[in-house]
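Asker: Encoded as structure tokens, here's the structure I'll be asking about.
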Amino acid sequence: MIAILVFGASVARAEDQQLTITGKITSIHGSIYFSPGDMAASTPVEVITRSPWTTGKTRFRGVLLRDILDKVEAAGTVLKATAVDGYTVEIPISDAEDFEVIIAYKMDGEWLEDGVYAPFWIIYPYDTNKELAQEKYYGRSIWQLTKLAVE
Ligand SMILES: Nc1nc2c(c(=O)[nH]1)N[C@H]1C(S)=C(S)[C@@H](COP(=O)(O)O)O[C@H]1N2
Ligand SMILES: [Mo]
């Protein structure tokens with residue numbers, strides 16, 4: 001009984017600390033999971049930008065959203081993104097093609113903090129592409145990201 005409870009707790013915890021990609025992807029299991037460590041094993045990309053949530057220039061490190069979508073062979077047009085805090089938003093897949101959007105796991109050299117922004121944060125290059133510095137894209141900048149459903 002104790003073992004079952006402990007196991008259940010550890011599974012729930014793990015789900016909060018990884019990204020689950022589902023929907024129109026190529027996977028025999030239906031879902032593909034990435035931990036921050038898995039993401040860090042791919043070629044890192046940095047976006048250095050100001051943001052509404054940070055002070056001065058911030059260095060976000062992650063992987064290109066487009067590369068992850070390629071990796072899972074995403075075949076849809078929209079991503080339904082969900083966060084630990086229950087926030088959800090739709091991200092057009094065209095954003096990943098048009099801009100250097102990253103799935104960030106580090107900020108200024110530190111892993112994103114648990115209970116704040118971890119495990120992942122969608123970041124757009126707001127400074128490089130001035131049109132991104134607006135509410136529409138800020139709203140798509142979902143932190144505590146744990147689910148992407150490809151539709
Ligand atoms: N996980 C999560 N991400 C989120 C939000 C949120 O509530 N939860 N708010 C979004 C919205 S609507 C906007 S405009 C920006 C900025 O939110 P803030 O102004 O409340 O910081 O973050 C986005 N990312
Ligand atoms: Mo918003």
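Following the order of the structure tokens, chains are lettered A, B, ..., residues in each are numbered from 1, and ligands are numbered from 1.
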For ligand 1, list the contacting residues at 10 Å or closer, counting only C-alpha atoms and all ligand atoms, as a VMD selection string.
Answerer: chain A and resid 51 to 54 81 to 89 116 to 118 120 to 123 134 to 146
Asker: Could you write out, as a PyMOL selection string, all the residues of chain A that DSSP marks as strand (DSSP E or B)?
Answerer: chain A and resi 19-23+32-34+45-49+58-64+78-83+88-92+102-107+110-111+121-123+145-150
Asker: Tell me, as a PyMOL selection string, which residues lie within 12 Å of A:Leu69, counting only C-alpha atoms; anything in the same chain fewer than 3 positions away does not count.
Answerer: chain A and resi 21-26+32+63-66+72-79+93-97+101-103+148-150
Asker: Residues within 12 Å of A:Pro119, please, as a VMD selection string. Count only C-alpha atoms; anything in the same chain fewer than 4 positions from it doesn't count.
Answerer: chain A and resid 13 to 20 34 to 40 62 82 to 85 103 to 107 110 to 115 142 to 147
Asker: Quick one, how far is atom CA of A:Pro125 from atom CA of A:Gly56?
Answerer: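 So the two atoms, atom CA of A:Pro125 and atom CA of A:Gly56, lie 14.0 Å apart.
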Asker: In Å, how far is it from atom CA of A:Val47 to atom CA of A:Ser27?
Answerer: 29.6 Å
Asker: Considering only C-alpha atoms, state which residue in the set A:His29, A:Phe99, A:Phe60, A:Ile91 is at the smallest distance from A:Pro44.
Answerer: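 Among the listed residues, A:Phe60 lies closest to A:Pro44.
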Asker: May I ask which of the residues A:Ala133, A:Asp98, A:Pro92, A:Glu151 is the closest one to A:Thr49, counting only C-alpha atoms?
Answerer: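 Of all the options, A:Ala133 lies closest to A:Thr49.
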Asker: Closest to A:Thr128 among A:Ser42, A:Arg50, A:Arg61, A:Tyr33, using only C-alpha atoms?
Answerer: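 Closest to A:Thr128 of all the choices is A:Arg50.
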Asker: What separation in Å, quoted to one decimal, exists between atom CA of A:Thr55 and atom CA of A:Asp67?
Answerer: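 Interatomic distance here is 28.5 Å.
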Asker: Tell me, as a PyMOL selection string, which residues lie within 7 Å of A:Ile48, counting only C-alpha atoms; anything in the same chain fewer than 5 positions away does not count.
Answerer: chain A and resi 57-60
Asker: Could you write those residues out with C-alpha atoms, as a PDB file, in the first residue's frame?
Answerer:
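File written: result.pdb
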```pdb
ATOM      1  CA  LYS A  57      18.246  41.563 -21.198  1.00  0.00           C
ATOM      2  CA  THR A  58      17.621  37.957 -20.255  1.00  0.00           C
ATOM      3  CA  ARG A  59      19.393  34.949 -21.740  1.00  0.00           C
ATOM      4  CA  PHE A  60      16.924  32.136 -22.384  1.00  0.00           C
TER       5      PHE A  60
END
```
Asker: According to DSSP computed on the backbone, where in stretch 49-118 of chain A is there helix (DSSP H, G or I)? Give the residues as a PDB file with C-alpha atoms, in the first residue's frame.
Answerer:
```
ATOM      1  CA  LEU A  65      10.223  24.685 -31.251  1.00  0.00           C
ATOM      2  CA  ARG A  66      10.460  23.896 -34.959  1.00  0.00           C
ATOM      3  CA  ASP A  67      13.163  21.248 -34.325  1.00  0.00           C
ATOM      4  CA  ILE A  68      11.056  19.492 -31.677  1.00  0.00           C
ATOM      5  CA  LEU A  69       8.014  19.536 -33.970  1.00  0.00           C
ATOM      6  CA  ASP A  70      10.191  18.017 -36.715  1.00  0.00           C
ATOM      7  CA  LYS A  71      11.493  15.393 -34.299  1.00  0.00           C
ATOM      8  CA  ILE A  93       2.517  26.046 -35.850  1.00  0.00           C
ATOM      9  CA  SER A  94       3.324  28.794 -38.389  1.00  0.00           C
ATOM     10  CA  ASP A  95       4.901  30.759 -35.488  1.00  0.00           C
ATOM     11  CA  ALA A  96       7.565  28.058 -35.226  1.00  0.00           C
ATOM     12  CA  GLU A  97       8.317  28.447 -38.944  1.00  0.00           C
ATOM     13  CA  ASP A  98       8.209  32.267 -39.019  1.00  0.00           C
TER      14      ASP A  98
END
```
